>>> print(open('query.txt').read())   # compact mmCIF, N, CA and C atoms
# COMPACT_ATOMS: atom_id res chain seq x y z
N MET W 1199 71.00 39.56 -16.23
CA MET W 1199 70.06 39.47 -15.15
C MET W 1199 68.78 38.76 -15.59
N LYS W 1200 68.33 39.11 -16.83
CA LYS W 1200 67.14 38.46 -17.36
C LYS W 1200 67.34 36.96 -17.50
N LEU W 1201 68.55 36.59 -17.92
CA LEU W 1201 68.87 35.18 -18.12
C LEU W 1201 68.80 34.41 -16.80
N ILE W 1202 69.27 35.02 -15.73
CA ILE W 1202 69.25 34.38 -14.41
C ILE W 1202 67.80 34.16 -13.95
N ILE W 1203 66.96 35.15 -14.16
CA ILE W 1203 65.55 35.03 -13.77
C ILE W 1203 64.87 33.94 -14.59
N ILE W 1204 65.13 33.89 -15.89
CA ILE W 1204 64.52 32.87 -16.75
C ILE W 1204 64.99 31.48 -16.34
N LEU W 1205 66.31 31.34 -16.10
CA LEU W 1205 66.84 30.04 -15.67
C LEU W 1205 66.29 29.64 -14.30
N GLY W 1206 66.19 30.58 -13.39
CA GLY W 1206 65.63 30.31 -12.05
C GLY W 1206 64.18 29.85 -12.16
N ALA W 1207 63.40 30.53 -12.99
CA ALA W 1207 62.00 30.14 -13.17
C ALA W 1207 61.89 28.76 -13.80
N ALA W 1208 62.78 28.46 -14.76
CA ALA W 1208 62.77 27.15 -15.42
C ALA W 1208 63.10 26.05 -14.41
N PHE W 1209 64.14 26.28 -13.57
CA PHE W 1209 64.50 25.29 -12.55
C PHE W 1209 63.38 25.10 -11.53
N LEU W 1210 62.74 26.20 -11.16
CA LEU W 1210 61.63 26.13 -10.22
C LEU W 1210 60.48 25.32 -10.81
N LEU W 1211 60.19 25.57 -12.07
CA LEU W 1211 59.12 24.84 -12.76
C LEU W 1211 59.44 23.36 -12.88
N LEU W 1212 60.69 23.04 -13.24
CA LEU W 1212 61.11 21.63 -13.33
C LEU W 1212 61.06 20.96 -11.96
N GLY W 1213 61.47 21.67 -10.93
CA GLY W 1213 61.43 21.12 -9.57
C GLY W 1213 60.00 20.83 -9.13
N ALA W 1214 59.10 21.76 -9.43
CA ALA W 1214 57.70 21.56 -9.07
C ALA W 1214 57.10 20.38 -9.84
N ALA W 1215 57.45 20.27 -11.12
CA ALA W 1215 56.95 19.15 -11.93
C ALA W 1215 57.49 17.82 -11.41
N GLY W 1216 58.79 17.80 -11.07
CA GLY W 1216 59.39 16.57 -10.54
C GLY W 1216 58.79 16.19 -9.19
N GLY W 1217 58.58 17.18 -8.34
CA GLY W 1217 57.96 16.92 -7.04
C GLY W 1217 56.54 16.40 -7.19
N GLY W 1218 55.79 16.98 -8.11
CA GLY W 1218 54.42 16.52 -8.36
C GLY W 1218 54.40 15.10 -8.90
N ALA W 1219 55.34 14.81 -9.81
CA ALA W 1219 55.42 13.45 -10.37
C ALA W 1219 55.76 12.45 -9.27
N TRP W 1220 56.70 12.79 -8.42
CA TRP W 1220 57.05 11.88 -7.31
C TRP W 1220 55.86 11.68 -6.39
N PHE W 1221 55.18 12.77 -6.06
CA PHE W 1221 54.06 12.70 -5.13
C PHE W 1221 52.96 11.78 -5.65
N PHE W 1222 52.63 11.91 -6.92
CA PHE W 1222 51.51 11.14 -7.47
C PHE W 1222 51.89 9.78 -8.02
N LEU W 1223 53.14 9.60 -8.45
CA LEU W 1223 53.49 8.35 -9.13
C LEU W 1223 54.42 7.44 -8.34
N LEU W 1224 55.38 7.99 -7.65
CA LEU W 1224 56.43 7.16 -7.08
C LEU W 1224 56.31 6.90 -5.59
N ARG W 1225 55.53 7.66 -4.90
CA ARG W 1225 55.45 7.42 -3.46
C ARG W 1225 54.70 6.11 -3.21
N GLY W 1226 54.87 5.55 -2.04
CA GLY W 1226 54.22 4.28 -1.70
C GLY W 1226 52.71 4.41 -1.70
N LYS W 1227 52.08 3.38 -2.15
CA LYS W 1227 50.63 3.37 -2.17
C LYS W 1227 50.12 3.15 -0.75
N PRO W 1228 48.99 3.75 -0.39
CA PRO W 1228 48.46 3.54 0.95
C PRO W 1228 48.04 2.08 1.12
N ALA W 1229 48.21 1.60 2.31
CA ALA W 1229 47.84 0.20 2.59
C ALA W 1229 46.33 0.04 2.44
N LEU W 1230 45.95 -1.00 1.74
CA LEU W 1230 44.53 -1.27 1.58
C LEU W 1230 44.01 -1.95 2.83
N PRO W 1231 42.75 -1.68 3.18
CA PRO W 1231 42.21 -2.36 4.35
C PRO W 1231 42.13 -3.85 4.08
N PRO W 1232 42.25 -4.67 5.12
CA PRO W 1232 42.17 -6.11 4.91
C PRO W 1232 40.80 -6.49 4.36
N PRO W 1233 40.73 -7.51 3.54
CA PRO W 1233 39.43 -7.89 3.00
C PRO W 1233 38.50 -8.32 4.12
N ALA W 1234 37.22 -8.13 3.88
CA ALA W 1234 36.23 -8.52 4.89
C ALA W 1234 36.33 -10.01 5.15
N ALA W 1235 36.13 -10.35 6.38
CA ALA W 1235 36.22 -11.77 6.75
C ALA W 1235 35.13 -12.55 6.03
N ALA W 1236 35.54 -13.61 5.42
CA ALA W 1236 34.59 -14.45 4.70
C ALA W 1236 33.72 -15.19 5.70
N ALA W 1237 32.52 -15.48 5.27
CA ALA W 1237 31.62 -16.25 6.12
C ALA W 1237 32.24 -17.62 6.34
N ASN W 1238 32.29 -18.07 7.58
CA ASN W 1238 32.88 -19.37 7.83
C ASN W 1238 31.88 -20.37 8.39
N GLY W 1239 30.67 -19.95 8.62
CA GLY W 1239 29.63 -20.87 9.04
C GLY W 1239 28.83 -21.32 7.84
N HIS W 1240 28.07 -22.39 8.01
CA HIS W 1240 27.22 -22.87 6.92
C HIS W 1240 26.13 -21.83 6.65
N ILE W 1241 25.84 -21.60 5.39
CA ILE W 1241 24.82 -20.63 4.99
C ILE W 1241 23.55 -21.38 4.60
N TYR W 1242 22.45 -21.02 5.25
CA TYR W 1242 21.14 -21.61 4.95
C TYR W 1242 20.31 -20.56 4.23
N LYS W 1243 19.73 -20.95 3.11
CA LYS W 1243 18.84 -20.04 2.38
C LYS W 1243 17.42 -20.30 2.83
N MET W 1244 16.72 -19.24 3.17
CA MET W 1244 15.31 -19.37 3.54
C MET W 1244 14.47 -18.97 2.33
N GLU W 1245 13.31 -19.57 2.22
CA GLU W 1245 12.38 -19.20 1.16
C GLU W 1245 11.96 -17.75 1.36
N PRO W 1246 11.60 -17.05 0.29
CA PRO W 1246 11.21 -15.63 0.42
C PRO W 1246 10.02 -15.44 1.36
N PHE W 1247 10.01 -14.30 2.03
CA PHE W 1247 8.91 -13.90 2.89
C PHE W 1247 8.15 -12.79 2.19
N LEU W 1248 6.83 -12.84 2.21
CA LEU W 1248 6.00 -11.79 1.65
C LEU W 1248 4.94 -11.47 2.69
N VAL W 1249 5.02 -10.28 3.28
CA VAL W 1249 4.11 -9.90 4.37
C VAL W 1249 3.58 -8.49 4.15
N ASN W 1250 2.41 -8.23 4.71
CA ASN W 1250 1.87 -6.88 4.76
C ASN W 1250 2.55 -6.16 5.91
N LEU W 1251 2.90 -4.90 5.68
CA LEU W 1251 3.47 -4.10 6.75
C LEU W 1251 2.35 -3.56 7.63
N ALA W 1252 2.69 -3.07 8.81
CA ALA W 1252 1.71 -2.64 9.79
C ALA W 1252 1.18 -1.22 9.54
N ASP W 1253 1.60 -0.58 8.47
CA ASP W 1253 1.16 0.79 8.18
C ASP W 1253 -0.35 0.86 8.04
N GLN W 1254 -0.98 1.80 8.77
CA GLN W 1254 -2.42 2.00 8.68
C GLN W 1254 -2.73 2.95 7.52
N GLY W 1255 -3.77 2.65 6.79
CA GLY W 1255 -4.17 3.52 5.70
C GLY W 1255 -3.36 3.33 4.43
N HIS W 1256 -2.32 2.54 4.49
CA HIS W 1256 -1.49 2.24 3.32
C HIS W 1256 -1.43 0.74 3.16
N SER W 1257 -1.58 0.31 1.94
CA SER W 1257 -1.45 -1.12 1.66
C SER W 1257 -0.03 -1.36 1.18
N ARG W 1258 0.87 -1.58 2.13
CA ARG W 1258 2.28 -1.80 1.79
C ARG W 1258 2.66 -3.22 2.15
N TYR W 1259 3.53 -3.76 1.32
CA TYR W 1259 4.03 -5.09 1.65
C TYR W 1259 5.54 -5.12 1.53
N LEU W 1260 6.10 -6.15 2.15
CA LEU W 1260 7.54 -6.35 2.16
C LEU W 1260 7.82 -7.75 1.63
N LYS W 1261 8.72 -7.82 0.67
CA LYS W 1261 9.21 -9.11 0.19
C LYS W 1261 10.69 -9.16 0.53
N VAL W 1262 11.07 -10.17 1.29
CA VAL W 1262 12.47 -10.28 1.71
C VAL W 1262 12.92 -11.73 1.60
N THR W 1263 14.11 -11.90 1.04
CA THR W 1263 14.76 -13.21 1.01
C THR W 1263 16.01 -13.06 1.85
N LEU W 1264 16.23 -14.03 2.72
CA LEU W 1264 17.40 -13.93 3.57
C LEU W 1264 18.14 -15.25 3.66
N HIS W 1265 19.40 -15.12 4.01
CA HIS W 1265 20.27 -16.27 4.26
C HIS W 1265 20.75 -16.15 5.69
N LEU W 1266 20.87 -17.29 6.33
CA LEU W 1266 21.29 -17.35 7.72
C LEU W 1266 22.66 -18.01 7.78
N GLU W 1267 23.63 -17.34 8.36
CA GLU W 1267 24.94 -17.95 8.56
C GLU W 1267 24.97 -18.54 9.96
N SER W 1268 25.26 -19.83 10.06
CA SER W 1268 25.25 -20.50 11.36
C SER W 1268 26.62 -20.47 12.02
N ASN W 1269 26.64 -20.91 13.25
CA ASN W 1269 27.89 -20.99 14.00
C ASN W 1269 28.63 -22.29 13.71
N GLN W 1270 28.09 -23.13 12.84
CA GLN W 1270 28.72 -24.40 12.50
C GLN W 1270 29.06 -24.42 11.02
N GLU W 1271 30.17 -25.08 10.69
CA GLU W 1271 30.61 -25.12 9.30
C GLU W 1271 29.82 -26.11 8.46
N LYS W 1272 29.26 -27.12 9.09
CA LYS W 1272 28.54 -28.16 8.35
C LYS W 1272 27.04 -28.01 8.56
N PRO W 1273 26.24 -28.47 7.61
CA PRO W 1273 24.79 -28.42 7.76
C PRO W 1273 24.35 -29.21 8.99
N ASP W 1274 23.27 -28.78 9.59
CA ASP W 1274 22.74 -29.45 10.77
C ASP W 1274 21.25 -29.69 10.54
N GLU W 1275 20.78 -30.85 10.94
CA GLU W 1275 19.37 -31.18 10.71
C GLU W 1275 18.43 -30.37 11.62
N GLU W 1276 18.96 -29.74 12.66
CA GLU W 1276 18.13 -28.89 13.52
C GLU W 1276 17.50 -27.77 12.70
N TYR W 1277 18.22 -27.28 11.72
CA TYR W 1277 17.69 -26.20 10.87
C TYR W 1277 16.41 -26.66 10.17
N GLU W 1278 16.44 -27.85 9.59
CA GLU W 1278 15.25 -28.36 8.89
C GLU W 1278 14.09 -28.57 9.84
N ARG W 1279 14.36 -29.11 11.02
CA ARG W 1279 13.29 -29.35 12.00
C ARG W 1279 12.68 -28.05 12.49
N LYS W 1280 13.49 -27.03 12.65
CA LYS W 1280 13.01 -25.75 13.21
C LYS W 1280 12.56 -24.76 12.14
N GLN W 1281 12.58 -25.18 10.89
CA GLN W 1281 12.20 -24.28 9.80
C GLN W 1281 10.78 -23.69 9.99
N PRO W 1282 9.74 -24.49 10.25
CA PRO W 1282 8.40 -23.90 10.41
C PRO W 1282 8.30 -22.89 11.56
N PRO W 1283 8.79 -23.19 12.77
CA PRO W 1283 8.68 -22.17 13.82
C PRO W 1283 9.55 -20.93 13.54
N MET W 1284 10.69 -21.11 12.87
CA MET W 1284 11.52 -19.95 12.52
C MET W 1284 10.79 -19.06 11.52
N ARG W 1285 10.19 -19.67 10.51
CA ARG W 1285 9.45 -18.89 9.51
C ARG W 1285 8.29 -18.16 10.18
N ASP W 1286 7.59 -18.84 11.07
CA ASP W 1286 6.46 -18.22 11.77
C ASP W 1286 6.93 -17.02 12.58
N ALA W 1287 8.03 -17.17 13.31
CA ALA W 1287 8.55 -16.07 14.14
C ALA W 1287 8.98 -14.89 13.27
N ILE W 1288 9.60 -15.19 12.14
CA ILE W 1288 10.06 -14.10 11.25
C ILE W 1288 8.87 -13.41 10.60
N ILE W 1289 7.88 -14.17 10.16
CA ILE W 1289 6.68 -13.57 9.55
C ILE W 1289 5.98 -12.68 10.57
N THR W 1290 5.84 -13.17 11.80
CA THR W 1290 5.20 -12.38 12.85
C THR W 1290 5.97 -11.09 13.11
N LEU W 1291 7.28 -11.19 13.18
CA LEU W 1291 8.13 -10.01 13.40
C LEU W 1291 7.99 -9.02 12.25
N LEU W 1292 8.12 -9.50 11.01
CA LEU W 1292 8.05 -8.61 9.85
C LEU W 1292 6.69 -7.91 9.76
N SER W 1293 5.63 -8.61 10.16
CA SER W 1293 4.27 -8.04 10.08
C SER W 1293 4.05 -6.90 11.06
N THR W 1294 4.90 -6.78 12.06
CA THR W 1294 4.75 -5.70 13.04
C THR W 1294 5.50 -4.44 12.62
N LYS W 1295 6.24 -4.50 11.54
CA LYS W 1295 7.10 -3.39 11.13
C LYS W 1295 6.33 -2.37 10.28
N TYR W 1296 6.70 -1.12 10.48
CA TYR W 1296 6.18 -0.02 9.67
C TYR W 1296 7.23 0.34 8.62
N TYR W 1297 6.78 0.93 7.55
CA TYR W 1297 7.68 1.35 6.48
C TYR W 1297 8.83 2.18 7.04
N ARG W 1298 8.51 3.14 7.89
CA ARG W 1298 9.54 4.04 8.43
C ARG W 1298 10.58 3.29 9.27
N ASP W 1299 10.20 2.12 9.82
CA ASP W 1299 11.12 1.34 10.65
C ASP W 1299 12.21 0.67 9.83
N ILE W 1300 11.90 0.31 8.60
CA ILE W 1300 12.82 -0.54 7.83
C ILE W 1300 13.30 0.09 6.52
N ALA W 1301 12.91 1.33 6.26
CA ALA W 1301 13.26 1.97 4.99
C ALA W 1301 14.72 2.43 4.95
N THR W 1302 15.32 2.66 6.10
CA THR W 1302 16.70 3.17 6.14
C THR W 1302 17.69 2.03 6.34
N ALA W 1303 18.96 2.33 6.11
CA ALA W 1303 20.01 1.34 6.34
C ALA W 1303 20.06 0.94 7.82
N GLU W 1304 19.87 1.92 8.70
CA GLU W 1304 19.88 1.63 10.14
C GLU W 1304 18.71 0.72 10.50
N GLY W 1305 17.57 0.95 9.86
CA GLY W 1305 16.40 0.11 10.12
C GLY W 1305 16.63 -1.33 9.67
N LYS W 1306 17.29 -1.50 8.55
CA LYS W 1306 17.58 -2.85 8.06
C LYS W 1306 18.58 -3.56 8.98
N THR W 1307 19.56 -2.81 9.48
CA THR W 1307 20.52 -3.39 10.41
C THR W 1307 19.83 -3.83 11.69
N ALA W 1308 18.95 -2.99 12.21
CA ALA W 1308 18.20 -3.35 13.42
C ALA W 1308 17.32 -4.57 13.17
N LEU W 1309 16.70 -4.63 11.99
CA LEU W 1309 15.86 -5.77 11.64
C LEU W 1309 16.67 -7.05 11.58
N ARG W 1310 17.87 -6.98 11.03
CA ARG W 1310 18.76 -8.16 11.01
C ARG W 1310 18.97 -8.69 12.42
N GLU W 1311 19.27 -7.77 13.34
CA GLU W 1311 19.53 -8.17 14.73
C GLU W 1311 18.28 -8.78 15.37
N GLU W 1312 17.12 -8.20 15.10
CA GLU W 1312 15.88 -8.74 15.66
C GLU W 1312 15.59 -10.14 15.12
N ILE W 1313 15.81 -10.33 13.83
CA ILE W 1313 15.60 -11.66 13.24
C ILE W 1313 16.57 -12.65 13.86
N LYS W 1314 17.82 -12.25 14.01
CA LYS W 1314 18.82 -13.13 14.60
C LYS W 1314 18.42 -13.54 16.02
N GLU W 1315 17.93 -12.58 16.81
CA GLU W 1315 17.49 -12.89 18.17
C GLU W 1315 16.32 -13.87 18.17
N LYS W 1316 15.33 -13.63 17.31
CA LYS W 1316 14.16 -14.52 17.24
C LYS W 1316 14.58 -15.93 16.85
N VAL W 1317 15.43 -16.04 15.85
CA VAL W 1317 15.88 -17.36 15.38
C VAL W 1317 16.68 -18.06 16.47
N ASN W 1318 17.56 -17.35 17.14
CA ASN W 1318 18.39 -17.97 18.17
C ASN W 1318 17.60 -18.40 19.39
N GLN W 1319 16.44 -17.77 19.63
CA GLN W 1319 15.57 -18.22 20.72
C GLN W 1319 14.99 -19.60 20.44
N LEU W 1320 14.85 -19.93 19.17
CA LEU W 1320 14.24 -21.21 18.78
C LEU W 1320 15.26 -22.33 18.61
N LEU W 1321 16.48 -21.98 18.30
CA LEU W 1321 17.50 -23.00 18.04
C LEU W 1321 18.24 -23.37 19.33
N VAL W 1322 18.70 -24.62 19.40
CA VAL W 1322 19.39 -25.09 20.60
C VAL W 1322 20.89 -25.07 20.38
N LYS W 1323 21.41 -26.01 19.58
CA LYS W 1323 22.87 -26.04 19.38
C LYS W 1323 23.30 -25.21 18.17
N LEU W 1324 22.45 -25.10 17.20
CA LEU W 1324 22.73 -24.29 16.02
C LEU W 1324 22.35 -22.85 16.36
N LYS W 1325 23.20 -21.90 16.06
CA LYS W 1325 22.91 -20.49 16.32
C LYS W 1325 23.20 -19.67 15.07
N ALA W 1326 22.42 -18.63 14.88
CA ALA W 1326 22.62 -17.72 13.75
C ALA W 1326 23.70 -16.70 14.11
N LYS W 1327 24.76 -16.64 13.30
CA LYS W 1327 25.81 -15.64 13.49
C LYS W 1327 25.49 -14.37 12.73
N ASN W 1328 24.97 -14.53 11.53
CA ASN W 1328 24.67 -13.39 10.67
C ASN W 1328 23.40 -13.65 9.89
N ILE W 1329 22.73 -12.57 9.54
CA ILE W 1329 21.58 -12.62 8.65
C ILE W 1329 21.95 -11.76 7.45
N PHE W 1330 21.80 -12.33 6.26
CA PHE W 1330 22.10 -11.60 5.03
C PHE W 1330 20.82 -11.43 4.22
N PHE W 1331 20.47 -10.20 3.87
CA PHE W 1331 19.34 -9.95 2.99
C PHE W 1331 19.84 -10.06 1.55
N THR W 1332 19.21 -10.92 0.77
CA THR W 1332 19.57 -11.02 -0.64
C THR W 1332 18.49 -10.42 -1.53
N GLU W 1333 17.36 -10.13 -0.94
CA GLU W 1333 16.28 -9.43 -1.65
C GLU W 1333 15.51 -8.67 -0.58
N PHE W 1334 15.23 -7.40 -0.84
CA PHE W 1334 14.51 -6.58 0.13
C PHE W 1334 13.70 -5.56 -0.66
N VAL W 1335 12.42 -5.82 -0.81
CA VAL W 1335 11.56 -4.95 -1.62
C VAL W 1335 10.38 -4.50 -0.78
N ILE W 1336 10.19 -3.19 -0.69
CA ILE W 1336 9.02 -2.62 -0.01
C ILE W 1336 8.18 -1.95 -1.08
N GLN W 1337 6.90 -2.27 -1.08
CA GLN W 1337 6.03 -1.63 -2.06
C GLN W 1337 4.76 -1.18 -1.40
>>> encode(input="query.txt", output="structure tokens")
Amino acid sequence: MKLIIILGAAFLLLGAAGGGAWFFLLRGKPALPPPAAAANGHIYKMEPFLVNLADQGHSRYLKVTLHLESNQEKPDEEYERKQPPMRDAIITLLSTKYYRDIATAEGKTALREEIKEKVNQLLVKLKAKNIFFTEFVIQ
């Protein structure tokens, strides 16, 4: 009787080990999500922006470098012509922001959308599809 119990326990242990090995090693791997879509528009790099934030009683500034992805694959001279008014609009927008507005991920996402809207108001055939922050420092 003891032998049957020992053999039963051994088979149970081997079965559990085999099942665990199958579960962790041999089963199909979960499908990976598709890679993020690569940018397909031309990317324009803007010179860094350095502005004072609107916070009262605090001397805070924001330094941000951004890239603009356009709706066109090739460079367009409209970007160069509209560079000064675009920079002015972005500087004016950034200067109205408070630290609390842009310190969170949600705030940065909203700021991207606001910048995109301002830029697209100034451009005619060239449009901004995405805004990418490559440097974002608040001090």
>>> closest_residue(input="query.txt", among="W:Pro1283, W:Asp1253, W:Asn1328, W:Val1335", to="Arg1298 (chain W)", atoms="all atoms listed in the file")
W:Asp1253
>>> atom_distance(input="query.txt", atom1="atom N of Ile1329 (chain W)", atom2="atom N of Val1262 (chain W)")
14.5 Å
>>> closest_residue(input="query.txt", among="W:Lys1323, W:His1256, W:Lys1200, W:Lys1306", to="Glu1276 (chain W)", atoms="all atoms listed in the file")
W:Lys1323
>>> residues_around(input="query.txt", residues="Leu1266 (chain W)", least_positions_apart="2", cutoff="8 Å", atoms="only C-alpha atoms", output="JSON, numbers by chain")
{"W": [1241, 1242, 1243, 1244, 1264, 1268, 1326, 1327, 1328, 1329, 1330]}
>>> residues_around(input="query.txt", residues="Gln1270 (chain W)", least_positions_apart="6", cutoff="7 Å", atoms="only C-alpha atoms", output="PDB file with N, CA and C atoms, in the frame of the given file")
ATOM      1  N   GLY W1239      30.670 -19.950   8.620  1.00  0.00           N
ATOM      2  CA  GLY W1239      29.630 -20.870   9.040  1.00  0.00           C
ATOM      3  C   GLY W1239      28.830 -21.320   7.840  1.00  0.00           C
ATOM      4  N   HIS W1240      28.070 -22.390   8.010  1.00  0.00           N
ATOM      5  CA  HIS W1240      27.220 -22.870   6.920  1.00  0.00           C
ATOM      6  C   HIS W1240      26.130 -21.830   6.650  1.00  0.00           C
ATOM      7  N   LEU W1324      22.450 -25.100  17.200  1.00  0.00           N
ATOM      8  CA  LEU W1324      22.730 -24.290  16.020  1.00  0.00           C
ATOM      9  C   LEU W1324      22.350 -22.850  16.360  1.00  0.00           C
TER      10      LEU W1324
END
>>> closest_residue(input="query.txt", among="W:Lys1261, W:Ala1287, W:Glu1275, W:Ser1293", to="Lys1316 (chain W)", atoms="all atoms listed in the file")
W:Ala1287
>>> atom_distance(input="query.txt", atom1="atom N of Thr1263 (chain W)", atom2="atom N of Phe1331 (chain W)")
7.2 Å
>>> residues_around(input="query.txt", residues="Met1284 (chain W)", least_positions_apart="3", cutoff="8 Å", atoms="all atoms listed in the file", output="PyMOL selection string")
chain W and resi 1279-1281+1287-1290+1316-1317+1320-1321
>>> atom_distance(input="query.txt", atom1="CA of Leu1292 (chain W)", atom2="CA of Glu1278 (chain W)")
21.0 Å
>>> residues_around(input="query.txt", residues="Tyr1296 (chain W)", least_positions_apart="2", cutoff="12 Å", atoms="only C-alpha atoms", output="PyMOL selection string")
chain W and resi 1249-1260+1291-1294+1298-1302+1305-1306+1309+1336-1337
>>> axis_aligned_box(input="query.txt", around="region 1262-1274 of chain W", padding_each_side="5 Å", output="JSON")
{"center_x": 20.8, "center_y": -19.9, "center_z": 7.5, "size_x": 29.5, "size_y": 29.5, "size_z": 23.0}
